[in-house]
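Next comes data.txt, with compact mmCIF, C-alpha atoms.
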```txt
# COMPACT_ATOMS: atom_id res chain seq x y z
CA MET A 44 -11.26 -47.43 33.33
CA LYS A 45 -13.15 -47.70 36.61
CA GLN A 46 -16.16 -45.40 36.58
CA HIS A 47 -16.97 -43.35 39.66
CA THR A 48 -18.91 -40.25 40.62
CA VAL A 49 -16.95 -37.09 39.87
CA LYS A 50 -16.90 -34.08 42.15
CA ILE A 51 -19.46 -31.49 41.04
CA LEU A 52 -18.13 -27.99 41.70
CA TYR A 53 -20.88 -25.86 40.16
CA GLU A 54 -24.18 -26.46 38.39
CA ASP A 55 -27.12 -24.44 37.10
CA ASN A 56 -29.51 -24.76 34.15
CA HIS A 57 -26.83 -23.67 31.68
CA LEU A 58 -23.41 -24.86 32.91
CA ILE A 59 -21.80 -27.56 34.99
CA ALA A 60 -18.26 -27.71 36.38
CA VAL A 61 -16.45 -30.72 37.83
CA ASN A 62 -13.03 -31.52 39.25
CA LYS A 63 -11.43 -33.65 36.54
CA PRO A 64 -9.53 -36.64 37.92
CA ILE A 65 -6.06 -37.46 36.59
CA GLY A 66 -6.14 -40.04 33.80
CA TRP A 67 -9.57 -39.20 32.44
CA LEU A 68 -10.14 -37.97 28.92
CA SER A 69 -12.06 -34.70 28.78
CA GLN A 70 -13.89 -35.97 25.70
CA GLY A 71 -13.70 -38.87 23.27
CA ASP A 72 -10.70 -39.74 21.13
CA GLU A 73 -9.48 -42.67 19.04
CA THR A 74 -8.98 -44.86 22.13
CA GLY A 75 -12.71 -45.13 22.72
CA ASP A 76 -12.11 -44.88 26.48
CA TRP A 77 -14.82 -43.73 28.87
CA THR A 78 -14.64 -39.95 29.23
CA LEU A 79 -15.49 -37.22 31.66
CA MET A 80 -18.25 -36.10 29.28
CA ASP A 81 -19.73 -39.61 29.43
CA GLU A 82 -19.67 -39.51 33.22
CA VAL A 83 -21.27 -36.06 33.46
CA LYS A 84 -23.98 -37.05 30.97
CA LYS A 85 -24.71 -40.11 33.08
CA TYR A 86 -24.95 -37.93 36.18
CA ILE A 87 -27.37 -35.48 34.50
CA LYS A 88 -29.52 -38.26 33.05
CA LYS A 89 -29.88 -39.91 36.46
CA LYS A 90 -30.36 -36.74 38.51
CA TYR A 91 -33.06 -35.27 36.28
CA ASP A 92 -34.49 -38.57 35.01
CA LYS A 93 -33.99 -37.45 31.42
CA PRO A 94 -35.19 -39.72 28.61
CA GLY A 95 -33.03 -40.16 25.50
CA ASP A 96 -29.68 -38.51 24.91
CA VAL A 97 -28.39 -35.75 27.18
CA PHE A 98 -26.95 -32.61 25.54
CA LEU A 99 -23.53 -31.64 26.83
CA GLY A 100 -21.27 -29.22 25.00
CA SER A 101 -17.49 -29.01 25.36
CA PHE A 102 -15.67 -25.67 25.11
CA GLN A 103 -12.69 -26.42 27.36
CA ARG A 104 -10.14 -29.25 27.53
CA LEU A 105 -7.65 -30.52 30.04
CA ASP A 106 -4.94 -32.98 29.03
CA ARG A 107 -5.54 -36.55 30.15
CA PRO A 108 -2.75 -36.57 32.79
CA THR A 109 -3.90 -33.30 34.42
CA SER A 110 -6.60 -32.49 36.96
CA GLY A 111 -8.79 -29.57 37.99
CA VAL A 112 -11.74 -27.40 37.07
CA ILE A 113 -13.45 -28.11 33.78
CA PHE A 114 -16.76 -26.67 32.56
CA PHE A 115 -19.34 -28.10 30.17
CA ALA A 116 -22.41 -26.43 28.65
CA LYS A 117 -25.82 -27.94 29.34
CA THR A 118 -27.54 -25.99 26.54
CA SER A 119 -26.57 -25.03 22.99
CA LYS A 120 -27.10 -21.35 23.83
CA ALA A 121 -24.62 -21.53 26.69
CA LEU A 122 -22.14 -23.40 24.48
CA THR A 123 -22.27 -20.74 21.76
CA ARG A 124 -21.82 -17.92 24.27
CA MET A 125 -18.97 -19.63 26.11
CA ASN A 126 -17.14 -20.18 22.84
CA THR A 127 -17.50 -16.45 22.20
CA LEU A 128 -16.00 -15.65 25.62
CA ILE A 129 -13.06 -17.92 24.80
CA ARG A 130 -12.45 -16.25 21.44
CA GLU A 131 -12.57 -12.85 23.10
CA ARG A 132 -10.25 -14.03 25.91
CA LYS A 133 -12.78 -13.13 28.59
CA ILE A 134 -12.22 -16.29 30.65
CA THR A 135 -9.53 -16.31 33.32
CA LYS A 136 -7.72 -19.57 34.06
CA ARG A 137 -5.44 -20.08 37.03
CA TYR A 138 -3.30 -23.21 37.30
CA LEU A 139 -0.97 -24.71 39.87
CA ALA A 140 2.06 -26.73 38.81
CA VAL A 141 4.81 -28.53 40.69
CA VAL A 142 8.09 -28.43 38.76
CA ASP A 143 11.55 -29.94 39.09
CA GLY A 144 13.98 -27.55 40.77
CA ARG A 145 13.55 -23.84 41.32
CA PRO A 146 12.81 -21.60 38.32
CA ASN A 147 15.42 -18.93 37.67
CA ILE A 148 13.18 -16.54 35.82
CA GLU A 149 13.77 -12.81 36.04
CA ASN A 150 10.67 -11.94 34.04
CA LYS A 151 7.60 -13.69 35.43
CA ARG A 152 5.84 -13.31 32.09
CA LEU A 153 6.77 -16.09 29.67
CA VAL A 154 6.33 -15.51 25.94
CA HIS A 155 7.14 -18.24 23.43
CA TYR A 156 6.03 -19.30 19.97
CA LEU A 157 4.71 -22.84 19.72
CA SER A 158 4.45 -25.34 16.92
CA LYS A 159 2.87 -28.78 17.23
CA ASP A 160 3.80 -32.09 15.67
CA LYS A 161 0.50 -33.88 15.21
CA LYS A 162 2.21 -37.22 14.63
CA THR A 163 3.90 -37.22 18.04
CA ASN A 164 1.26 -35.03 19.75
CA LYS A 165 4.05 -32.88 21.09
CA SER A 166 4.61 -29.14 21.00
CA LYS A 167 7.88 -27.23 20.73
CA ALA A 168 8.59 -23.76 22.08
CA TYR A 169 10.69 -21.15 20.28
CA ASP A 170 11.93 -17.76 21.43
CA LYS A 171 11.08 -16.10 18.11
CA ALA A 172 8.02 -15.99 15.88
CA GLY A 173 8.00 -18.08 12.74
CA LYS A 174 5.85 -19.83 10.17
CA LYS A 175 3.06 -21.91 11.74
CA ARG A 176 4.12 -20.84 15.23
CA LYS A 177 1.48 -19.53 17.63
CA GLU A 178 2.22 -17.00 20.34
CA ALA A 179 1.92 -18.43 23.86
CA ILE A 180 1.81 -16.19 26.94
CA LEU A 181 1.56 -16.99 30.64
CA ASN A 182 2.39 -15.26 33.92
CA LEU A 183 3.79 -17.22 36.83
CA GLU A 184 4.74 -16.82 40.47
CA VAL A 185 6.84 -19.19 42.58
CA LEU A 186 4.73 -19.84 45.69
CA ALA A 187 7.01 -22.27 47.52
CA TYR A 188 10.13 -24.44 47.20
CA LEU A 189 10.52 -27.69 49.15
CA ASN A 190 12.33 -31.00 48.66
CA GLN A 191 13.81 -29.93 45.31
CA VAL A 192 10.44 -29.08 43.74
CA SER A 193 8.61 -25.77 43.37
CA LEU A 194 4.94 -24.88 43.51
CA LEU A 195 3.98 -22.37 40.82
CA ASP A 196 0.89 -20.21 40.43
CA ILE A 197 0.15 -19.73 36.72
CA ASP A 198 -2.16 -17.26 35.01
CA LEU A 199 -2.79 -18.51 31.49
CA ASN A 200 -3.19 -15.77 28.88
CA THR A 201 -3.46 -17.97 25.79
CA GLY A 202 -4.71 -21.52 25.44
CA ARG A 203 -2.29 -23.38 23.16
CA SER A 204 -1.87 -27.15 23.01
CA HIS A 205 0.39 -28.31 25.88
CA GLN A 206 1.25 -24.66 26.45
CA ILE A 207 2.10 -24.71 30.15
CA ARG A 208 3.92 -28.02 29.83
CA VAL A 209 6.19 -26.98 26.98
CA GLN A 210 6.84 -23.43 28.23
CA LEU A 211 7.94 -24.65 31.67
CA SER A 212 10.10 -27.32 30.06
CA LYS A 213 11.68 -24.64 27.86
CA THR A 214 12.75 -22.73 30.99
CA GLY A 215 14.50 -25.83 32.38
CA THR A 216 11.92 -26.70 35.03
CA PRO A 217 9.56 -29.34 33.58
CA ILE A 218 6.40 -30.34 35.42
CA VAL A 219 6.90 -33.29 37.76
CA GLY A 220 5.69 -36.47 36.05
CA ASP A 221 5.72 -34.96 32.57
CA MET A 222 8.20 -37.38 31.00
CA LYS A 223 7.13 -36.24 27.52
CA TYR A 224 8.67 -32.85 28.23
CA GLY A 225 11.78 -33.90 30.13
CA ALA A 226 10.69 -34.45 33.73
CA MET A 227 13.09 -36.33 36.00
CA ARG A 228 10.54 -37.40 38.62
CA LYS A 229 7.43 -39.52 38.19
CA THR A 230 4.15 -39.32 40.07
CA PRO A 231 2.59 -42.45 41.62
CA ASN A 232 -0.35 -42.50 39.20
CA LEU A 233 1.54 -41.58 35.99
CA GLY A 234 -0.18 -38.21 35.88
CA ILE A 235 1.56 -34.85 35.74
CA ALA A 236 1.59 -32.24 38.50
CA LEU A 237 -0.54 -29.69 36.67
CA HIS A 238 -3.90 -28.67 38.11
CA CYS A 239 -6.50 -26.16 36.93
CA LEU A 240 -7.20 -24.42 40.21
CA GLU A 241 -9.71 -21.76 39.21
CA ILE A 242 -11.79 -20.55 36.27
CA GLY A 243 -13.64 -17.24 36.22
CA PHE A 244 -15.91 -15.39 33.77
CA ILE A 245 -19.15 -13.45 33.46
CA HIS A 246 -21.97 -15.98 33.24
CA PRO A 247 -23.16 -15.99 29.60
CA VAL A 248 -26.86 -16.03 30.55
CA LYS A 249 -27.13 -14.67 34.09
CA GLN A 250 -24.50 -11.95 33.44
CA ILE A 251 -23.00 -12.29 36.91
CA PRO A 252 -19.37 -13.07 37.86
CA ILE A 253 -18.64 -16.79 38.27
CA SER A 254 -15.49 -18.16 39.88
CA VAL A 255 -15.02 -21.88 40.56
CA LYS A 256 -12.07 -23.54 42.32
CA ALA A 257 -10.98 -27.16 42.72
CA LYS A 258 -8.70 -28.41 45.48
CA PHE A 259 -5.42 -29.85 44.21
CA PRO A 260 -4.54 -33.56 44.72
CA ASP A 261 -3.15 -34.87 48.02
CA PHE A 262 -0.46 -37.27 46.74
CA TYR A 263 3.15 -36.77 45.54
CA PRO A 264 4.35 -34.21 44.69
CA TRP A 265 1.37 -32.16 45.86
CA ASP A 266 1.74 -33.51 49.41
CA ASN A 267 4.84 -31.35 49.78
CA PHE A 268 2.48 -28.38 49.86
CA LYS A 269 -0.54 -29.85 51.67
CA ASP A 270 -0.58 -27.00 54.19
CA PHE A 271 -0.44 -24.34 51.48
CA LYS A 272 -3.76 -22.51 51.34
CA THR A 273 -5.03 -22.04 47.80
CA VAL A 274 -8.74 -22.90 48.05
```

C-alpha cells encoding of this file:
Amino acid sequence: MKQHTVKILYEDNHLIAVNKPIGWLSQGDETGDWTLMDEVKKYIKKKYDKPGDVFLGSFQRLDRPTSGVIFFAKTSKALTRMNTLIRERKITKRYLAVVDGRPNIENKRLVHYLSKDKKTNKSKAYDKAGKKRKEAILNLEVLAYLNQVSLLDIDLNTGRSHQIRVQLSKTGTPIVGDMKYGAMRKTPNLGIALHCLEIGFIHPVKQIPISVKAKFPDFYPWDNFKDFKTV
C-alpha cells in the first residue's frame, strides 16, 4: 500500500486522533500490511525526533473499508483510562452512512442480537436474544434522500463487530459498497460508505470535554451530499 501522511485531527501529550483513509488497517493483522498505527508511529517519531520504538496504544478500531475519526493513546496511562471509558460506555460515537434505498423504519432505535462467524469474519443479526448473541443498539436519523440512496446519521450505543453494517443490512438498506452484507452498488475504491464523523468523551487526564470530527469523503456516493453540512 502506498504510504502517505494522514490527516491529524487532534493531538496532545496523551492522545492523537486522525482521519482514517478507506482501505487502511487500523492495526496489524495476518496480512502484514502497513497500518494506520505504523503511519502514526512514523509521524510521532519524526515530529519529536524520538529514538527507539514509539509507544502507541489502540483502544478503538474501524473496519478496513471504512473511514473517519480514530484515536490512539500516546501513553500507557491514557490507554488504560480510555479502555475504562469504553467499558463504562462513556464515549460517544457518531457515524454517517450512505445506504441503498430509503429506510422504512418506524422506530429510529434499532436493537438486534449479533453472533459472529470467525471463519467468514461475518456477523448475523437476530431479532431475539439467544446463546452467544450480543445485544447491539444504535439510533439513526435519515438526513437526506437523493438518487436512490439515503444519508443516515447514526449514534452508536454499543460497539459490536460489524454492528452498523449488519444492522442496516437486516433492515433491508445495506451500506453502499458493502457487498459482504448485500449491497447492490459499489464504490469506486472498493470501500464502504460508512464514516466515523465524530467522537466525544471527557479527556482521561485533563478532565475536559473533547469532541473531534472528520469530514466525510468527496467521492461516490458521498458526492450526492457534498453540500450537506455536517462538520

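Minimum atom-to-atom distance to A:Pro231, evaluated using all atoms listed in the file, belongs to A:Ile65 out of A:Pro146, A:Ile65, A:Gln250, A:Leu52.
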
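Atom CA of A:Tyr138 is found 5.0 Å from atom CA of A:Leu240.
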
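A straight line drawn from atom CA of A:Tyr53 to atom CA of A:Gly243 is 11.9 Å long.
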
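Proximity of A:Thr230, A:Thr74, A:Ser212, A:Asn56 to A:Tyr169, computed with only C-alpha atoms, is greatest for A:Ser212.
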
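Minimum atom-to-atom distance to A:Lys165, evaluated using only C-alpha atoms, belongs to A:Ser204 out of A:Gln103, A:Asn62, A:Gln70, A:Ser204.
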
5 Å per side around stretch 45-60 of chain A: axis-aligned box centre and edge lengths, as lines of an AutoDock Vina configuration file:
```
center_x = -21.3
center_y = -35.7
center_z = 36.9
size_x = 26.4
size_y = 34.0
size_z = 20.5
```

Review point. Pick from A:Ala172, A:Thr123, A:Leu183, A:Val141: nearest to A:Phe262, with all atoms listed in the file counted?
Key: A:Val141

Point to revise | d(atom CA of A:Lys50, atom CA of A:Glu82) in Å | key: 10.8 Å

Practice item. May I ask which of the residues A:Val61, A:Gly202, A:Leu153, A:Val142 is the closest one to A:Arg130, counting all atoms listed in the file? Key: A:Gly202

Exercise for review: Please provide the set of residues having any atom within 10 Å of A:Asn190, restricted to all atoms listed in the file, with same-chain residues fewer than 4 positions apart removed, written as a PyMOL selection string.
Suggested key: chain A and resi 143-144+264+267

Could those selected residues go to a file with C-alpha atoms, as a short mmCIF file (atom, residue, chain, number, x, y, z; two decimals), in the coordinates of the input?
```cif
data_model
loop_
_atom_site.label_atom_id
_atom_site.label_comp_id
_atom_site.auth_asym_id
_atom_site.auth_seq_id
_atom_site.Cartn_x
_atom_site.Cartn_y
_atom_site.Cartn_z
CA ASP A 143 11.55 -29.94 39.09
CA GLY A 144 13.98 -27.55 40.77
CA PRO A 264 4.35 -34.21 44.69
CA ASN A 267 4.84 -31.35 49.78
#
```

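Residues having any atom no farther than 9 Å from (9.2, -24.4, 28.9) (counting only C-alpha atoms) are Leu153, His155, Lys167, Ala168, Gln206, Ile207, Arg208, Val209, Gln210, Leu211, Ser212, Lys213, Thr214, Gly215, Thr216, Pro217 and Tyr224 of chain A.
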
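The closest residue to A:Ser254, picked from A:Lys269, A:Lys136, A:Asp160, A:Gly111 and counting all atoms listed in the file, is A:Lys136.
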
Point to revise | Within 12 Å of A:Arg152 using all atoms listed in the file, minus same-chain residues under 6 positions, as a PyMOL selection string | key: chain A and resi 179-184+196-200+210-211+214

List every protein, DNA or RNA residue that has an atom no more than 8 Å from (-8.0, -26.5, 41.9) in the file's coordinate frame, counting only C-alpha atoms, and report them as a PDB file with C-alpha atoms, keeping the file's coordinate frame.
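For reference, result.pdb as written:
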```pdb
ATOM      1  CA  ASN A  62     -13.030 -31.520  39.250  1.00  0.00           C
ATOM      2  CA  SER A 110      -6.600 -32.490  36.960  1.00  0.00           C
ATOM      3  CA  GLY A 111      -8.790 -29.570  37.990  1.00  0.00           C
ATOM      4  CA  VAL A 112     -11.740 -27.400  37.070  1.00  0.00           C
ATOM      5  CA  TYR A 138      -3.300 -23.210  37.300  1.00  0.00           C
ATOM      6  CA  LEU A 139      -0.970 -24.710  39.870  1.00  0.00           C
ATOM      7  CA  HIS A 238      -3.900 -28.670  38.110  1.00  0.00           C
ATOM      8  CA  CYS A 239      -6.500 -26.160  36.930  1.00  0.00           C
ATOM      9  CA  LEU A 240      -7.200 -24.420  40.210  1.00  0.00           C
ATOM     10  CA  GLU A 241      -9.710 -21.760  39.210  1.00  0.00           C
ATOM     11  CA  LYS A 256     -12.070 -23.540  42.320  1.00  0.00           C
ATOM     12  CA  ALA A 257     -10.980 -27.160  42.720  1.00  0.00           C
ATOM     13  CA  LYS A 258      -8.700 -28.410  45.480  1.00  0.00           C
ATOM     14  CA  PHE A 259      -5.420 -29.850  44.210  1.00  0.00           C
ATOM     15  CA  THR A 273      -5.030 -22.040  47.800  1.00  0.00           C
ATOM     16  CA  VAL A 274      -8.740 -22.900  48.050  1.00  0.00           C
TER      17      VAL A 274
END
```
